[in-house]
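Chemist: One structure is given below, represented as structure tokens, and several questions about it will come after.
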Amino acid sequence: MRRINNLLSLALIVSVTMFSCSDQQEPIADDLSVPSDVVAQIAALGFDVDNFVPTRFESGYLVEGDIYLTDQSIAEMGKGNPIAAVEQYSTDNLVSTNGNRVISIYAPVGGRNGYSAGMIAGLDLAIARYNAENLEISFQRVTSSGGADISMTRLSKRDERRGVLGSAGFPTSSGDPYGNIKMSGVLESSYGLSTAGIATIIAHEMGHCIGFRHTDYFNRSISCGGSASNEGSSGVGANHIPGTPTGATASAKSWMLACTDGGDRPFNNDDKTALDYLY
């Protein structure tokens, strides 16, 4: 997502570099470029590498703003194809519920690598929004990382300073949610986001973990501006969710739009239909 001061990416601001204040600055690597052969593989999967240039991230690559890929996940994906325009859509893999599944989320609190009270309040609100839908999945924040289904851990200071806000992946083939959300710890202090704005961004990444893709995947310019860009199936599938409309609009403010203005986006009626259909 992006749209804080001329479009802020949920994960990576391409055209604007943000800096946060810190007394203990870490050196920033100058070269975050991805080898051309890897870029070609990512493009072959259907990801947009022209408008959203992949960058090195953690032990892999950050693609289209907030999608985290590794060499292994790239190798396991099939070749992607552009798909017709539809509003709500999911990946091929979804979370197995067995009728009722509680997904635990851990986030460290305080300290250099932990989150502020404001960030934790945003996480709690994101969890409450999902739980209010009475789905076959629910979320619970836990205080220990041991056994947690999803760990929300802080980005490095380098990534926070270069504008990365968050990243996540998609469910596993065995029916488990993606196990790690990387989130910036400065959404409140550097970007001035409210608890509701923070909750929207975290809920977006949680959405990826349980199998949602961007609402405007077929044309990211709907929420991000710029030229039209189709994400395609990207090797993980992009399946239309029955009961949701074709097309997408920025004014509908779906929580899974690719870009955001940093404001509050609780689930709209179509989002609720999509959640209820899948879970």
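Within each chain, counting starts at residue 1; across the structure tokens, chains are named A, B, ... in the order shown, with ligands numbered 1 upward in that order.
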Leaving out Leu155 of chain A and any residue of its chain fewer than 2 positions from it, which residues lie within 7 Å of it when counting only C-alpha atoms, given as a PyMOL selection string?
Modeler: chain A and resi 153+157+159-160+182-184
Chemist: Restricting the output to N, CA and C atoms, write the selected residues as a tab-separated table (two decimals), in the first residue's frame.
Modeler:
chain	number	residue	atom	x	y	z
A	153	THR	N	7.84	-9.62	13.62
A	153	THR	CA	9.13	-9.15	14.10
A	153	THR	C	9.53	-7.87	13.38
A	157	LYS	N	16.92	-1.67	11.22
A	157	LYS	CA	16.93	-0.20	11.16
A	157	LYS	C	17.19	0.27	9.73
A	159	ASP	N	16.26	-1.17	6.91
A	159	ASP	CA	15.05	-1.27	6.11
A	159	ASP	C	14.00	-0.24	6.55
A	160	GLU	N	13.93	0.03	7.84
A	160	GLU	CA	13.00	1.06	8.31
A	160	GLU	C	13.38	2.42	7.74
A	182	LYS	N	7.06	-9.17	8.78
A	182	LYS	CA	8.08	-8.19	9.12
A	182	LYS	C	7.44	-6.81	9.07
A	183	MET	N	7.46	-6.10	10.20
A	183	MET	CA	6.82	-4.79	10.26
A	183	MET	C	7.79	-3.72	10.74
A	184	SER	N	7.65	-2.55	10.17
A	184	SER	CA	8.37	-1.39	10.67
A	184	SER	C	7.89	-1.07	12.08
Chemist: Might you pull out every residue within 8 Å of segment 266-268 of chain A, with only C-alpha atoms counted and same-chain residues fewer than 3 positions away left off, and present them as a ChimeraX atom specification?
Modeler: /A:129,200,252-255,271-272
Chemist: Separation of atom CA of Ala132 of chain A and atom CA of Asp276 of chain A, in Å?
Modeler: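 Atom-to-atom, atom CA of Ala132 of chain A to atom CA of Asp276 of chain A, that is 11.5 Å.
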Chemist: Which of these, A:Gly237, A:Thr195, A:Arg141, A:Ser174, has the shortest distance to Asp264 of chain A once you count only C-alpha atoms?
Modeler: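 Between A:Gly237, A:Thr195, A:Arg141, A:Ser174, the residue approaching Asp264 of chain A most closely is A:Thr195.
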Chemist: Have a look at A:Ile105, A:Leu187, A:Gln88, A:Leu94 and name the one nearest to Gly243 of chain A; count only C-alpha atoms.
Modeler: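 Smallest separation from Gly243 of chain A among the options: A:Gln88.
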Chemist: Excluding Asn98 of chain A and its own-chain neighbours fewer than 2 positions away, which residues fall within 10 Å of it when counting only C-alpha atoms? Please give them as a list in words.
Modeler: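 That gives Val95, Ser96, Asn100, Arg101, Glu136 and Ile137 of chain A.
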Chemist: Please produce an output containing N, CA and C atoms for each residue in the selection, written as a PDB file, in the first residue's frame.
Modeler:
ATOM      1  N   VAL A  95      -5.664 -21.440   4.465  1.00  0.00           N
ATOM      2  CA  VAL A  95      -5.415 -22.010   5.781  1.00  0.00           C
ATOM      3  C   VAL A  95      -6.465 -23.068   6.089  1.00  0.00           C
ATOM      4  N   SER A  96      -6.035 -24.240   6.517  1.00  0.00           N
ATOM      5  CA  SER A  96      -6.957 -25.306   6.929  1.00  0.00           C
ATOM      6  C   SER A  96      -7.530 -24.955   8.298  1.00  0.00           C
ATOM      7  N   ASN A 100     -12.745 -24.687  13.010  1.00  0.00           N
ATOM      8  CA  ASN A 100     -12.432 -23.661  14.016  1.00  0.00           C
ATOM      9  C   ASN A 100     -10.939 -23.701  14.302  1.00  0.00           C
ATOM     10  N   ARG A 101     -10.249 -22.665  13.913  1.00  0.00           N
ATOM     11  CA  ARG A 101      -8.802 -22.621  14.142  1.00  0.00           C
ATOM     12  C   ARG A 101      -8.400 -21.273  14.720  1.00  0.00           C
ATOM     13  N   GLU A 136     -14.263 -19.018  10.668  1.00  0.00           N
ATOM     14  CA  GLU A 136     -13.754 -20.298  11.135  1.00  0.00           C
ATOM     15  C   GLU A 136     -12.298 -20.204  11.544  1.00  0.00           C
ATOM     16  N   ILE A 137     -11.696 -19.030  11.340  1.00  0.00           N
ATOM     17  CA  ILE A 137     -10.391 -18.743  11.904  1.00  0.00           C
ATOM     18  C   ILE A 137     -10.539 -17.544  12.823  1.00  0.00           C
TER      19      ILE A 137
END
Chemist: Among segment 139-210 of chain A, which ones does DSSP assign to alpha helix (DSSP H) (computed from the backbone)? Answer as a PyMOL selection string.
Modeler: chain A and resi 157-161+195-209
Chemist: Take the residues from that selection and write them out as a PDB file, in the first residue's frame, keeping C-alpha atoms.
Modeler:
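As written to disk, out_29.pdb reads:
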ATOM      1  CA  LYS A 157      16.935  -0.200  11.159  1.00  0.00           C
ATOM      2  CA  ARG A 158      18.314  -0.071   7.635  1.00  0.00           C
ATOM      3  CA  ASP A 159      15.048  -1.269   6.111  1.00  0.00           C
ATOM      4  CA  GLU A 160      13.003   1.062   8.310  1.00  0.00           C
ATOM      5  CA  ARG A 161      15.109   4.028   7.196  1.00  0.00           C
ATOM      6  CA  THR A 195      -3.860   3.219  15.916  1.00  0.00           C
ATOM      7  CA  ALA A 196      -6.504   2.561  13.246  1.00  0.00           C
ATOM      8  CA  GLY A 197      -4.046   3.316  10.437  1.00  0.00           C
ATOM      9  CA  ILE A 198      -1.492   0.960  11.948  1.00  0.00           C
ATOM     10  CA  ALA A 199      -4.190  -1.700  12.378  1.00  0.00           C
ATOM     11  CA  THR A 200      -5.099  -1.395   8.702  1.00  0.00           C
ATOM     12  CA  ILE A 201      -1.534  -2.044   7.570  1.00  0.00           C
ATOM     13  CA  ILE A 202      -1.021  -4.970   9.948  1.00  0.00           C
ATOM     14  CA  ALA A 203      -4.412  -6.453   8.969  1.00  0.00           C
ATOM     15  CA  HIS A 204      -3.309  -6.186   5.315  1.00  0.00           C
ATOM     16  CA  GLU A 205      -0.199  -8.275   5.997  1.00  0.00           C
ATOM     17  CA  MET A 206      -2.276 -10.737   8.036  1.00  0.00           C
ATOM     18  CA  GLY A 207      -4.540 -10.973   4.985  1.00  0.00           C
ATOM     19  CA  HIS A 208      -1.618 -12.126   2.851  1.00  0.00           C
ATOM     20  CA  CYS A 209      -0.697 -14.722   5.481  1.00  0.00           C
TER      21      CYS A 209
END
Chemist: Neighbouring residues of segment 38-41 of chain A were defined as those with any atom within 10 Å, considering only C-alpha atoms; residues of the same chain fewer than 3 positions away were excluded. Please report them as a PyMOL selection string.
Modeler: chain A and resi 33-35+44-50+53-55+61+63+71+74-75+79
Chemist: Those same residues, written as an mmCIF file, in the first residue's frame with C-alpha atoms?
Modeler:
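To be explicit, this is the file written out as again37.cif:
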data_model
loop_
_atom_site.group_PDB
_atom_site.id
_atom_site.type_symbol
_atom_site.label_atom_id
_atom_site.label_comp_id
_atom_site.auth_asym_id
_atom_site.auth_seq_id
_atom_site.Cartn_x
_atom_site.Cartn_y
_atom_site.Cartn_z
ATOM 1 C CA SER A 33 19.833 -4.505 -6.539
ATOM 2 C CA VAL A 34 18.710 -7.988 -7.523
ATOM 3 C CA PRO A 35 20.682 -9.984 -10.141
ATOM 4 C CA ALA A 44 8.238 -14.795 -15.518
ATOM 5 C CA LEU A 45 6.051 -15.569 -12.496
ATOM 6 C CA GLY A 46 3.861 -12.598 -13.395
ATOM 7 C CA PHE A 47 5.110 -10.046 -10.874
ATOM 8 C CA ASP A 48 5.537 -6.437 -12.007
ATOM 9 C CA VAL A 49 9.262 -5.692 -12.068
ATOM 10 C CA ASP A 50 9.007 -2.510 -14.113
ATOM 11 C CA VAL A 53 11.671 -2.946 -9.002
ATOM 12 C CA PRO A 54 12.565 -5.926 -6.763
ATOM 13 C CA THR A 55 15.145 -5.220 -4.048
ATOM 14 C CA TYR A 61 13.725 -10.281 -2.230
ATOM 15 C CA VAL A 63 8.540 -7.765 -4.653
ATOM 16 C CA ASP A 71 15.139 -18.382 -4.079
ATOM 17 C CA ILE A 74 10.638 -18.709 -6.591
ATOM 18 C CA ALA A 75 11.777 -22.182 -7.637
ATOM 19 C CA LYS A 79 4.844 -19.560 -14.290
#
Chemist: Could you state the separation of atom CA of Arg265 of chain A and atom CA of Glu58 of chain A in Å, given to one decimal place?
Modeler: 28.4 Å
Chemist: Go through A:Gly99, A:Gly60, A:Gly146, A:Gly65 one by one, measure the shortest atom-to-atom distance of each to Gly166 of chain A using only C-alpha atoms, and give the residue with the smallest value.
Modeler: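 Of all the options, A:Gly65 lies closest to Gly166 of chain A.
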Chemist: What residues in segment 30-275 of chain A get the DSSP label strand (DSSP E or B)? Please answer as a VMD selection string.
Modeler: chain A and resid 55 to 57 60 to 63 67 to 69 89 to 90 101 to 106 109 115 137 to 142 150 to 154 166 to 168 180 to 183 212 239 to 240 259 to 260
Chemist: Using only C-alpha atoms, which residue out of A:Gly163, A:Arg154, A:Tyr277, A:Cys224 lies closest to Ser116 of chain A?
Modeler: A:Arg154
Chemist: Can you pull out the residues contacting Val109 of chain A? Cut-off 10 Å, using only C-alpha atoms, and skip same-chain residues under 4 positions away; I want them as a PyMOL selection string.
Modeler: chain A and resi 113-117+119-120+143+153
Chemist: Based on the selection just made, write C-alpha atoms of those residues as a PDB file, in the first residue's frame.
Modeler:
ATOM      1  CA  ASN A 113      13.885  -4.794  18.662  1.00  0.00           C
ATOM      2  CA  GLY A 114      10.389  -4.646  20.106  1.00  0.00           C
ATOM      3  CA  TYR A 115       7.297  -2.579  19.397  1.00  0.00           C
ATOM      4  CA  SER A 116       5.845   0.445  21.144  1.00  0.00           C
ATOM      5  CA  ALA A 117       2.524   0.404  22.966  1.00  0.00           C
ATOM      6  CA  MET A 119       2.125  -0.529  17.548  1.00  0.00           C
ATOM      7  CA  ILE A 120       0.841  -3.275  19.836  1.00  0.00           C
ATOM      8  CA  THR A 143       3.403 -13.271  24.749  1.00  0.00           C
ATOM      9  CA  THR A 153       9.128  -9.145  14.098  1.00  0.00           C
TER      10      THR A 153
END
Chemist: Of the candidates A:Pro242, A:Ala274, A:Tyr106, A:Gly263, which shows the shortest atom-to-atom distance to Tyr191 of chain A, using only C-alpha atoms?
Modeler: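 Of A:Pro242, A:Ala274, A:Tyr106, A:Gly263, the one nearest Tyr191 of chain A is A:Gly263, counting only C-alpha atoms.
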Chemist: Go through A:Leu257, A:Val186, A:Leu193, A:Ala126 one by one, measure the shortest atom-to-atom distance of each to Phe212 of chain A using only C-alpha atoms, and give the residue with the smallest value.
Modeler: A:Leu257
Chemist: What is the distance, in Å and to one decimal place, between atom CA of Leu135 of chain A and atom CA of Ser104 of chain A?
Modeler: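 Separation between atom CA of Leu135 of chain A and atom CA of Ser104 of chain A: 14.9 Å.
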